[in-house]
$ cat data.txt   # compact mmCIF, C-alpha atoms
# COMPACT_ATOMS: atom_id res chain seq x y z
CA MET A 26 -130.09 68.16 168.28
CA ALA A 27 -130.06 71.55 166.61
CA LYS A 28 -129.86 72.02 162.86
CA MET A 29 -127.21 74.39 161.61
CA MET A 30 -125.04 75.14 158.62
CA TYR A 31 -121.44 73.96 158.28
CA ARG A 32 -120.18 77.56 158.62
CA ASP A 33 -122.31 78.15 161.75
CA ALA A 34 -120.90 75.00 163.32
CA VAL A 35 -117.43 76.56 162.93
CA VAL A 36 -118.46 79.80 164.64
CA SER A 37 -120.42 78.22 167.48
CA THR A 38 -117.66 75.73 168.32
CA ILE A 39 -115.03 78.46 168.45
CA ALA A 40 -117.31 80.61 170.63
CA GLU A 41 -117.99 77.74 173.05
CA GLU A 42 -114.29 76.96 173.36
CA MET A 43 -113.41 80.64 173.87
CA GLU A 44 -115.98 80.79 176.66
CA ARG A 45 -114.55 77.65 178.25
CA ASP A 46 -110.86 78.59 178.04
CA GLU A 47 -109.59 82.18 178.16
CA ASN A 48 -106.35 81.07 176.46
CA VAL A 49 -108.16 80.39 173.17
CA VAL A 50 -107.58 83.32 170.79
CA CYS A 51 -108.37 83.88 167.11
CA LEU A 52 -106.31 85.69 164.52
CA GLY A 53 -106.35 86.13 160.78
CA GLU A 54 -106.97 88.40 157.87
CA ASP A 55 -110.51 89.88 157.87
CA ILE A 56 -111.76 87.64 160.68
CA VAL A 57 -113.39 90.67 162.28
CA GLY A 58 -114.61 91.79 158.90
CA GLY A 59 -116.24 95.06 158.06
CA MET A 60 -113.03 97.05 158.24
CA GLY A 61 -113.55 99.84 155.75
CA THR A 62 -117.04 98.68 154.79
CA PRO A 63 -120.44 100.08 155.79
CA GLY A 64 -121.52 98.66 159.13
CA GLY A 65 -118.14 98.74 160.85
CA PRO A 66 -116.58 95.79 162.70
CA GLU A 67 -118.40 92.47 162.20
CA ALA A 68 -120.43 93.73 159.27
CA ILE A 69 -119.02 90.71 157.43
CA GLY A 70 -117.55 88.30 160.01
CA GLY A 71 -114.78 87.03 157.77
CA ILE A 72 -115.15 86.36 154.07
CA TRP A 73 -116.86 83.02 154.83
CA SER A 74 -118.90 84.33 157.80
CA THR A 75 -117.07 81.86 160.00
CA SER A 76 -116.15 84.38 162.69
CA THR A 77 -119.36 86.43 162.91
CA GLY A 78 -120.06 87.64 166.44
CA LEU A 79 -116.72 86.66 167.96
CA PHE A 80 -115.26 90.19 168.03
CA GLY A 81 -118.29 91.65 169.79
CA LYS A 82 -118.30 88.88 172.38
CA PHE A 83 -114.61 88.48 173.13
CA GLY A 84 -113.04 91.80 172.07
CA ALA A 85 -109.93 92.88 170.23
CA ASP A 86 -107.50 91.17 172.63
CA ARG A 87 -108.81 87.71 171.68
CA VAL A 88 -110.12 88.25 168.13
CA ILE A 89 -107.25 89.82 166.24
CA ASP A 90 -107.61 91.17 162.70
CA THR A 91 -104.21 90.91 161.00
CA PRO A 92 -102.54 92.46 157.95
CA ILE A 93 -102.55 90.50 154.68
CA SER A 94 -99.45 88.49 155.57
CA GLU A 95 -99.88 84.71 155.83
CA SER A 96 -96.34 84.23 157.11
CA ALA A 97 -96.93 86.79 159.88
CA ILE A 98 -100.22 85.12 160.86
CA MET A 99 -98.56 81.71 161.14
CA GLY A 100 -95.50 83.13 162.91
CA ALA A 101 -97.74 84.86 165.47
CA ALA A 102 -99.69 81.63 165.97
CA ALA A 103 -96.45 79.75 166.63
CA GLY A 104 -95.34 82.30 169.22
CA LEU A 105 -98.74 82.34 170.92
CA ALA A 106 -98.80 78.54 171.11
CA LEU A 107 -95.34 78.39 172.68
CA SER A 108 -96.28 81.03 175.26
CA GLY A 109 -99.30 79.15 176.62
CA LYS A 110 -102.13 80.38 174.41
CA ARG A 111 -104.28 78.23 172.13
CA PRO A 112 -104.39 80.19 168.86
CA ILE A 113 -106.89 79.52 166.07
CA ALA A 114 -105.30 81.07 162.98
CA GLU A 115 -107.26 81.48 159.75
CA LEU A 116 -105.28 81.33 156.51
CA MET A 117 -108.39 82.12 154.42
CA PHE A 118 -107.55 80.37 151.10
CA ALA A 119 -105.52 77.17 151.47
CA ASP A 120 -103.83 78.00 148.15
CA PHE A 121 -101.65 80.55 149.96
CA ILE A 122 -100.07 78.00 152.26
CA GLY A 123 -96.86 78.25 150.27
CA VAL A 124 -96.29 81.77 151.58
CA SER A 125 -96.24 80.49 155.18
CA LEU A 126 -94.76 77.03 154.69
CA ASP A 127 -91.63 77.70 156.74
CA GLN A 128 -93.70 78.71 159.78
CA ILE A 129 -95.98 75.66 159.41
CA TRP A 130 -93.61 72.97 158.18
CA ASN A 131 -90.27 73.95 159.71
CA GLN A 132 -91.49 75.55 162.94
CA LEU A 133 -94.96 74.58 164.20
CA ALA A 134 -94.73 70.96 163.06
CA LYS A 135 -91.28 70.41 164.57
CA PHE A 136 -91.33 72.28 167.89
CA ARG A 137 -92.29 69.32 170.09
CA TYR A 138 -89.78 66.99 168.37
CA MET A 139 -86.86 69.44 168.35
CA PHE A 140 -87.42 70.53 171.97
CA GLY A 141 -87.37 66.90 173.11
CA GLY A 142 -91.03 66.91 174.09
CA LYS A 143 -90.51 69.71 176.63
CA THR A 144 -93.00 72.04 174.98
CA LYS A 145 -96.50 71.94 173.52
CA CYS A 146 -97.71 73.63 170.36
CA PRO A 147 -101.53 73.80 170.60
CA ALA A 148 -102.30 75.75 167.41
CA VAL A 149 -105.22 75.25 165.02
CA ILE A 150 -104.74 76.49 161.47
CA ARG A 151 -108.03 76.85 159.60
CA MET A 152 -108.09 77.00 155.80
CA ALA A 153 -110.84 77.02 153.15
CA TYR A 154 -110.04 74.71 150.24
CA GLY A 155 -111.55 73.05 147.22
CA ALA A 156 -113.04 73.59 143.77
CA GLY A 157 -116.63 73.92 142.57
CA TYR A 158 -116.78 77.61 143.34
CA ASN A 159 -115.47 79.04 140.04
CA ALA A 160 -112.65 80.74 141.90
CA ALA A 161 -109.96 79.73 139.37
CA ALA A 162 -106.52 78.15 139.71
CA GLN A 163 -105.19 80.16 142.68
CA HIS A 164 -108.27 79.95 144.92
CA SER A 165 -109.63 76.41 144.40
CA GLN A 166 -106.94 73.90 145.23
CA ALA A 167 -107.05 70.91 147.54
CA VAL A 168 -103.75 70.92 149.43
CA HIS A 169 -104.26 68.10 151.92
CA GLN A 170 -101.87 65.77 150.12
CA ILE A 171 -99.02 68.23 150.82
CA LEU A 172 -99.91 68.72 154.48
CA THR A 173 -100.64 65.05 155.17
CA GLY A 174 -97.08 64.23 154.15
CA MET A 175 -95.57 66.52 156.82
CA PRO A 176 -94.67 64.73 160.07
CA GLY A 177 -95.78 66.66 163.15
CA LEU A 178 -99.06 67.95 161.71
CA LYS A 179 -102.53 66.54 162.23
CA VAL A 180 -104.84 67.08 159.24
CA VAL A 181 -108.64 67.24 159.57
CA MET A 182 -111.23 67.36 156.74
CA PRO A 183 -114.82 67.46 158.08
CA SER A 184 -117.65 66.52 155.70
CA THR A 185 -120.71 67.48 157.76
CA PRO A 186 -121.75 70.18 160.27
CA ALA A 187 -121.77 67.57 163.07
CA ASP A 188 -118.22 66.54 162.24
CA VAL A 189 -117.16 70.20 162.17
CA LYS A 190 -118.41 70.46 165.75
CA GLY A 191 -116.79 67.30 167.05
CA LEU A 192 -113.50 67.55 165.18
CA LEU A 193 -112.91 71.30 165.68
CA ARG A 194 -113.42 70.96 169.44
CA THR A 195 -110.88 68.11 169.46
CA ALA A 196 -108.48 70.25 167.41
CA ILE A 197 -108.71 73.24 169.74
CA ARG A 198 -108.00 71.07 172.82
CA ASP A 199 -105.15 69.17 171.13
CA ASP A 200 -101.62 69.99 172.31
CA ASP A 201 -100.12 69.64 168.81
CA PRO A 202 -100.62 71.75 165.64
CA VAL A 203 -103.75 70.80 163.72
CA ILE A 204 -104.59 71.77 160.13
CA PHE A 205 -108.38 72.17 159.86
CA LEU A 206 -109.52 72.14 156.22
CA GLU A 207 -113.03 73.47 155.47
CA HIS A 208 -114.45 72.90 151.98
CA LYS A 209 -115.82 76.13 150.51
CA ALA A 210 -118.70 74.37 148.76
CA LEU A 211 -119.87 72.86 152.08
CA TYR A 212 -120.24 76.11 154.07
CA GLY A 213 -123.96 76.28 153.23
CA MET A 214 -124.63 72.60 154.03
CA THR A 215 -127.21 72.09 156.80
CA GLY A 216 -127.33 69.16 159.19
CA GLU A 217 -128.07 68.07 162.75
CA VAL A 218 -125.41 68.94 165.30
CA PRO A 219 -125.19 67.61 168.90
CA ASP A 220 -125.94 70.25 171.54
CA ASP A 221 -123.44 68.77 174.00
CA LYS A 222 -120.62 71.26 174.61
CA GLU A 223 -118.29 68.32 175.31
CA TYR A 224 -119.10 66.56 172.00
CA MET A 225 -115.74 65.53 170.53
CA ILE A 226 -114.64 63.17 167.75
CA PRO A 227 -111.21 61.54 168.22
CA PHE A 228 -108.70 61.88 165.39
CA GLY A 229 -107.93 58.78 163.34
CA HIS A 230 -111.45 57.32 163.53
CA ALA A 231 -113.17 57.07 160.14
CA ARG A 232 -116.97 56.96 159.72
CA LEU A 233 -118.82 54.28 157.75
CA THR A 234 -121.67 56.17 156.04
CA ARG A 235 -122.99 53.36 153.80
CA ALA A 236 -122.58 49.59 154.28
CA GLY A 237 -122.18 47.04 151.48
CA GLN A 238 -120.32 43.88 150.60
CA ASP A 239 -119.13 44.48 147.00
CA VAL A 240 -116.91 47.59 146.84
CA THR A 241 -115.11 49.85 149.33
CA ILE A 242 -115.22 53.57 148.47
CA VAL A 243 -112.98 55.90 150.51
CA SER A 244 -113.30 59.67 150.41
CA THR A 245 -113.83 62.79 152.52
CA GLY A 246 -114.92 66.43 152.22
CA LEU A 247 -117.18 67.53 149.36
CA LEU A 248 -116.72 64.33 147.37
CA LEU A 249 -118.09 62.14 150.15
CA GLY A 250 -121.62 63.21 149.19
CA PHE A 251 -120.92 62.20 145.57
CA CYS A 252 -119.84 58.74 146.75
CA GLU A 253 -122.94 58.35 148.92
CA ALA A 254 -125.20 59.28 145.98
CA VAL A 255 -123.53 56.62 143.82
CA ALA A 256 -123.84 54.02 146.58
CA ASP A 257 -127.55 54.80 147.01
CA LYS A 258 -128.16 54.52 143.25
CA LEU A 259 -126.29 51.22 142.92
CA ALA A 260 -128.01 49.75 145.97
CA ALA A 261 -131.21 49.67 143.89
CA GLU A 262 -129.38 47.28 141.53
CA GLY A 263 -128.25 45.06 144.38
CA ILE A 264 -124.67 46.41 144.39
CA GLY A 265 -123.49 47.09 147.94
CA CYS A 266 -120.84 49.74 148.68
CA ASP A 267 -119.02 50.48 151.92
CA VAL A 268 -118.52 54.27 151.91
CA ILE A 269 -115.85 55.42 154.35
CA ASP A 270 -115.43 59.06 155.40
CA LEU A 271 -111.82 59.39 156.56
CA ARG A 272 -112.46 62.56 158.62
CA THR A 273 -108.72 62.90 159.27
CA THR A 274 -105.90 62.15 156.84
CA SER A 275 -103.20 62.35 159.52
CA PRO A 276 -103.65 60.24 161.54
CA ILE A 277 -105.48 58.04 159.04
CA ASP A 278 -107.73 55.13 159.98
CA GLU A 279 -105.94 52.36 158.07
CA GLU A 280 -107.75 49.68 160.03
CA ALA A 281 -111.18 50.80 158.82
CA ILE A 282 -110.03 50.71 155.19
CA LEU A 283 -108.27 47.35 155.45
CA ASP A 284 -111.13 45.71 157.35
CA SER A 285 -113.58 46.81 154.65
CA VAL A 286 -111.37 45.64 151.78
CA GLU A 287 -110.96 42.27 153.45
CA VAL A 288 -114.74 41.86 152.99
CA THR A 289 -115.35 43.54 149.61
CA GLY A 290 -112.04 42.76 147.84
CA ARG A 291 -112.38 45.93 145.78
CA LEU A 292 -111.19 49.50 146.52
CA ILE A 293 -111.91 52.90 144.99
CA VAL A 294 -110.46 56.10 146.48
CA VAL A 295 -112.12 59.36 145.45
CA ASP A 296 -109.84 62.33 146.05
CA GLU A 297 -109.98 66.01 145.05
CA ALA A 298 -106.19 66.41 144.91
CA PRO A 299 -104.21 65.89 141.67
CA PRO A 300 -103.37 62.23 141.04
CA ARG A 301 -99.57 62.16 141.45
CA CYS A 302 -98.39 61.54 145.05
CA SER A 303 -101.97 62.03 146.28
CA LEU A 304 -103.96 60.71 149.20
CA ALA A 305 -105.58 58.28 146.75
CA SER A 306 -102.27 56.88 145.54
CA ASP A 307 -101.07 56.53 149.15
CA ILE A 308 -104.18 54.57 150.21
CA CYS A 309 -104.07 52.37 147.11
CA ALA A 310 -100.41 51.56 147.84
CA THR A 311 -101.18 50.79 151.50
CA VAL A 312 -103.95 48.35 150.54
CA ALA A 313 -101.74 46.73 147.91
CA GLU A 314 -99.05 46.19 150.56
CA LYS A 315 -101.24 45.03 153.45
CA ALA A 316 -104.35 43.45 151.90
CA PHE A 317 -103.12 42.20 148.53
CA ALA A 318 -104.44 38.68 149.06
CA ALA A 319 -107.96 40.00 149.62
CA LEU A 320 -108.10 41.99 146.37
CA LYS A 321 -110.35 40.74 143.55
CA ALA A 322 -109.45 43.68 141.28
CA PRO A 323 -106.70 46.34 141.12
CA PRO A 324 -107.44 49.36 143.37
CA LEU A 325 -108.69 52.40 141.46
CA SER A 326 -108.45 56.11 142.22
CA VAL A 327 -110.77 58.84 140.95
CA ASN A 328 -108.85 62.13 140.88
CA PRO A 329 -108.91 65.33 138.85
CA PRO A 330 -106.43 65.45 135.95
CA HIS A 331 -102.85 66.60 136.61
CA THR A 332 -103.49 70.21 135.62
CA PRO A 333 -104.21 73.60 137.24
CA ILE A 334 -107.90 74.12 138.05
CA PRO A 335 -109.82 75.84 135.22
CA PHE A 336 -111.86 79.01 135.79
CA ALA A 337 -114.57 78.33 133.18
CA ARG A 338 -117.59 76.71 134.81
CA GLU A 339 -117.84 73.92 132.22
CA LEU A 340 -114.14 73.09 132.46
CA GLU A 341 -114.16 73.14 136.26
CA SER A 342 -117.07 70.70 136.23
CA ALA A 343 -115.12 68.44 133.90
CA TYR A 344 -112.06 68.75 136.17
CA LEU A 345 -113.70 67.54 139.39
CA PRO A 346 -114.51 63.90 140.08
CA SER A 347 -118.24 63.40 139.41
CA THR A 348 -120.89 60.84 140.30
CA ASP A 349 -120.65 59.52 136.73
CA LYS A 350 -116.89 58.95 137.07
CA ILE A 351 -117.30 57.28 140.48
CA GLU A 352 -120.08 55.01 139.19
CA ALA A 353 -117.94 54.07 136.17
CA ALA A 354 -115.09 53.16 138.52
CA VAL A 355 -117.38 50.95 140.60
CA ARG A 356 -118.61 49.10 137.51
CA LYS A 357 -115.02 48.72 136.27
CA VAL A 358 -113.78 47.02 139.45
CA LEU A 359 -116.88 44.83 139.55
CA SER A 360 -116.35 43.67 135.96
CA TYR A 361 -112.62 42.92 136.40
CA ARG A 362 -111.71 39.35 135.52
$ encode --input "data.txt" --output "structure tokens"
Amino acid sequence: MAKMMYRDAVVSTIAEEMERDENVVCLGEDIVGGMGTPGGPEAIGGIWSTSTGLFGKFGADRVIDTPISESAIMGAAAGLALSGKRPIAELMFADFIGVSLDQIWNQLAKFRYMFGGKTKCPAVIRMAYGAGYNAAAQHSQAVHQILTGMPGLKVVMPSTPADVKGLLRTAIRDDDPVIFLEHKALYGMTGEVPDDKEYMIPFGHARLTRAGQDVTIVSTGLLLGFCEAVADKLAAEGIGCDVIDLRTTSPIDEEAILDSVEVTGRLIVVDEAPPRCSLASDICATVAEKAFAALKAPPLSVNPPHTPIPFARELESAYLPSTDKIEAAVRKVLSYR
């Protein structure tokens, strides 16, 4: 297996799929990069360097730099998908989803249902999300709780370069709209990635990254690494934690969560979204409904506070769930009587 960064796994998967299928096209603001900067086209390769090399390889007909108009990007993606193409549209910052919500929520997500299943809508919408980057309140948000609640959308949140490869390939070949959320703080993460150009990870299949018998910890994205660090530390004390990486929040692997809680009897959900109506509150409610008899302690969630994300580095650090907060939650559920 090759080693590569999270961002490089994005680029290489898109390139492989564009080589395989001429209907795969990319569009988005600055995805060619370099417009107006020294070096010309591809001097940048998108602001996250997640499209570097695509323009030179596939040309302007398949790698389309768009104006700064999120609603136009999503509207074009919807039209392309309905006309037989497989668009990969980049929204850049997930915070701006509100500008294009009608195209995503009322159009892309509903086409197959409203046309009675007579059409497909194979569009991938890529967005960079998350805090820890000191990008302030309008460029740091986690929006998956909004998108997960929209019927008709599939929502993917890869935590490793290997999962980027397997999940993005599945997304591009899917016949329904897929939201692909890439955490900004993970773009520089390096890991082993399968070389197989058919490597795919099915949606709705979580990954058990640590095994234990005392507490179930559910998370995904940047915070998964925090949970794994806590599990490794507590293992030295004889405390065993199941750590579950959801990978996709819609569909969600309920069975993996419930099976684990049936063994451990304790649940902690670590989520980067604000606490009200969040992924964490949804999972806690599901476990309370379907595995109540197995619980030895009330389920706990570890979320940021219900506030906009601070710009100041110290305040942003205090805002995000931390290893200390996760460890405190584990000890709290273990000490419940």
$ residues_around --input "data.txt" --residues "Gly216 of chain A" --least-positions-apart "5" --cutoff "7 Å" --atoms "only C-alpha atoms" --output "JSON, numbers by chain"
{"A": [28, 29, 30, 185, 186, 187]}
$ residues_around --input "data.txt" --residues "Ser306 of chain A" --least-positions-apart "5" --cutoff "8 Å" --atoms "only C-alpha atoms" --output "list of chain:residue names"
A:Pro300, A:Arg301, A:Ser326
$ axis_aligned_box --input "data.txt" --around "segment 267-285 of chain A" --padding-each-side "4 Å" --output "AutoDock Vina command-line options"
--center_x -111.1 --center_y 54.3 --center_z 156.7 --size_x 23.8 --size_y 25.2 --size_z 17.6
$ residues_around --input "data.txt" --residues "segment 86-94 of chain A" --least-positions-apart "6" --cutoff "12 Å" --atoms "only C-alpha atoms" --output "PyMOL selection string"
chain A and resi 39-40+43-44+46-60+66-67+70-71+76-80+100-102+105+110-118+121-125
$ atom_distance --input "data.txt" --atom1 "atom CA of Asp307 of chain A" --atom2 "atom CA of Ala343 of chain A"
23.9 Å
$ residues_near_point --input "data.txt" --point "(-115.7, 66.8, 169.9)" --cutoff "9 Å" --atoms "only C-alpha atoms" --output "list of chain:residue names"
A:Asp188, A:Val189, A:Lys190, A:Gly191, A:Leu192, A:Leu193, A:Arg194, A:Thr195, A:Ala196, A:Asp221, A:Lys222, A:Glu223, A:Tyr224, A:Met225, A:Ile226, A:Pro227
$ residues_around --input "data.txt" --residues "segment 238-249 of chain A" --least-positions-apart "3" --cutoff "9 Å" --atoms "all atoms listed in the file" --output "PDB file with C-alpha atoms, keeping the file's coordinate frame"
ATOM      1  CA  GLY A 155    -111.550  73.050 147.220  1.00  0.00           C
ATOM      2  CA  MET A 182    -111.230  67.360 156.740  1.00  0.00           C
ATOM      3  CA  PRO A 183    -114.820  67.460 158.080  1.00  0.00           C
ATOM      4  CA  SER A 184    -117.650  66.520 155.700  1.00  0.00           C
ATOM      5  CA  THR A 185    -120.710  67.480 157.760  1.00  0.00           C
ATOM      6  CA  LEU A 206    -109.520  72.140 156.220  1.00  0.00           C
ATOM      7  CA  GLU A 207    -113.030  73.470 155.470  1.00  0.00           C
ATOM      8  CA  HIS A 208    -114.450  72.900 151.980  1.00  0.00           C
ATOM      9  CA  LYS A 209    -115.820  76.130 150.510  1.00  0.00           C
ATOM     10  CA  ALA A 210    -118.700  74.370 148.760  1.00  0.00           C
ATOM     11  CA  LEU A 211    -119.870  72.860 152.080  1.00  0.00           C
ATOM     12  CA  CYS A 252    -119.840  58.740 146.750  1.00  0.00           C
ATOM     13  CA  GLU A 253    -122.940  58.350 148.920  1.00  0.00           C
ATOM     14  CA  ALA A 254    -125.200  59.280 145.980  1.00  0.00           C
ATOM     15  CA  ALA A 256    -123.840  54.020 146.580  1.00  0.00           C
ATOM     16  CA  ILE A 264    -124.670  46.410 144.390  1.00  0.00           C
ATOM     17  CA  GLY A 265    -123.490  47.090 147.940  1.00  0.00           C
ATOM     18  CA  CYS A 266    -120.840  49.740 148.680  1.00  0.00           C
ATOM     19  CA  ASP A 267    -119.020  50.480 151.920  1.00  0.00           C
ATOM     20  CA  VAL A 268    -118.520  54.270 151.910  1.00  0.00           C
ATOM     21  CA  ILE A 269    -115.850  55.420 154.350  1.00  0.00           C
ATOM     22  CA  ASP A 270    -115.430  59.060 155.400  1.00  0.00           C
ATOM     23  CA  LEU A 271    -111.820  59.390 156.560  1.00  0.00           C
ATOM     24  CA  ARG A 272    -112.460  62.560 158.620  1.00  0.00           C
ATOM     25  CA  THR A 273    -108.720  62.900 159.270  1.00  0.00           C
ATOM     26  CA  ILE A 282    -110.030  50.710 155.190  1.00  0.00           C
ATOM     27  CA  SER A 285    -113.580  46.810 154.650  1.00  0.00           C
ATOM     28  CA  VAL A 286    -111.370  45.640 151.780  1.00  0.00           C
ATOM     29  CA  VAL A 288    -114.740  41.860 152.990  1.00  0.00           C
ATOM     30  CA  THR A 289    -115.350  43.540 149.610  1.00  0.00           C
ATOM     31  CA  GLY A 290    -112.040  42.760 147.840  1.00  0.00           C
ATOM     32  CA  ARG A 291    -112.380  45.930 145.780  1.00  0.00           C
ATOM     33  CA  LEU A 292    -111.190  49.500 146.520  1.00  0.00           C
ATOM     34  CA  ILE A 293    -111.910  52.900 144.990  1.00  0.00           C
ATOM     35  CA  VAL A 294    -110.460  56.100 146.480  1.00  0.00           C
ATOM     36  CA  VAL A 295    -112.120  59.360 145.450  1.00  0.00           C
ATOM     37  CA  ASP A 296    -109.840  62.330 146.050  1.00  0.00           C
ATOM     38  CA  GLU A 297    -109.980  66.010 145.050  1.00  0.00           C
ATOM     39  CA  ALA A 305    -105.580  58.280 146.750  1.00  0.00           C
ATOM     40  CA  ILE A 308    -104.180  54.570 150.210  1.00  0.00           C
ATOM     41  CA  PRO A 346    -114.510  63.900 140.080  1.00  0.00           C
ATOM     42  CA  SER A 347    -118.240  63.400 139.410  1.00  0.00           C
ATOM     43  CA  THR A 348    -120.890  60.840 140.300  1.00  0.00           C
ATOM     44  CA  VAL A 355    -117.380  50.950 140.600  1.00  0.00           C
ATOM     45  CA  VAL A 358    -113.780  47.020 139.450  1.00  0.00           C
ATOM     46  CA  LEU A 359    -116.880  44.830 139.550  1.00  0.00           C
TER      47      LEU A 359
END
$ atom_distance --input "data.txt" --atom1 "atom CA of Met214 of chain A" --atom2 "atom CA of Ala34 of chain A"
10.3 Å
$ residues_around --input "data.txt" --residues "segment 141-145 of chain A" --least-positions-apart "2" --cutoff "10 Å" --atoms "only C-alpha atoms" --output "PDB file with C-alpha atoms, in the coordinates of the input"
ATOM      1  CA  ALA A 106     -98.800  78.540 171.110  1.00  0.00           C
ATOM      2  CA  LEU A 107     -95.340  78.390 172.680  1.00  0.00           C
ATOM      3  CA  SER A 108     -96.280  81.030 175.260  1.00  0.00           C
ATOM      4  CA  GLY A 109     -99.300  79.150 176.620  1.00  0.00           C
ATOM      5  CA  LEU A 133     -94.960  74.580 164.200  1.00  0.00           C
ATOM      6  CA  PHE A 136     -91.330  72.280 167.890  1.00  0.00           C
ATOM      7  CA  ARG A 137     -92.290  69.320 170.090  1.00  0.00           C
ATOM      8  CA  TYR A 138     -89.780  66.990 168.370  1.00  0.00           C
ATOM      9  CA  MET A 139     -86.860  69.440 168.350  1.00  0.00           C
ATOM     10  CA  PRO A 147    -101.530  73.800 170.600  1.00  0.00           C
ATOM     11  CA  ALA A 148    -102.300  75.750 167.410  1.00  0.00           C
ATOM     12  CA  ASP A 199    -105.150  69.170 171.130  1.00  0.00           C
ATOM     13  CA  ASP A 200    -101.620  69.990 172.310  1.00  0.00           C
ATOM     14  CA  ASP A 201    -100.120  69.640 168.810  1.00  0.00           C
ATOM     15  CA  PRO A 202    -100.620  71.750 165.640  1.00  0.00           C
TER      16      PRO A 202
END
$ atom_distance --input "data.txt" --atom1 "atom CA of Glu287 of chain A" --atom2 "atom CA of Ala319 of chain A"
5.4 Å
$ closest_residue --input "data.txt" --among "A:Pro324, A:Pro330, A:Pro335, A:Gly229" --to "Ala160 of chain A" --atoms "only C-alpha atoms"
A:Pro335
$ closest_residue --input "data.txt" --among "A:Ile334, A:Ile72, A:Val181, A:Ile150" --to "Pro299 of chain A" --atoms "all atoms listed in the file"
A:Ile334
$ closest_residue --input "data.txt" --among "A:Leu325, A:Arg356, A:Ile351, A:Asp33" --to "Glu262 of chain A" --atoms "only C-alpha atoms"
A:Arg356
$ closest_residue --input "data.txt" --among "A:Pro276, A:Gly84, A:Gly157, A:Gly104" --to "Ile204 of chain A" --atoms "all atoms listed in the file"
A:Pro276
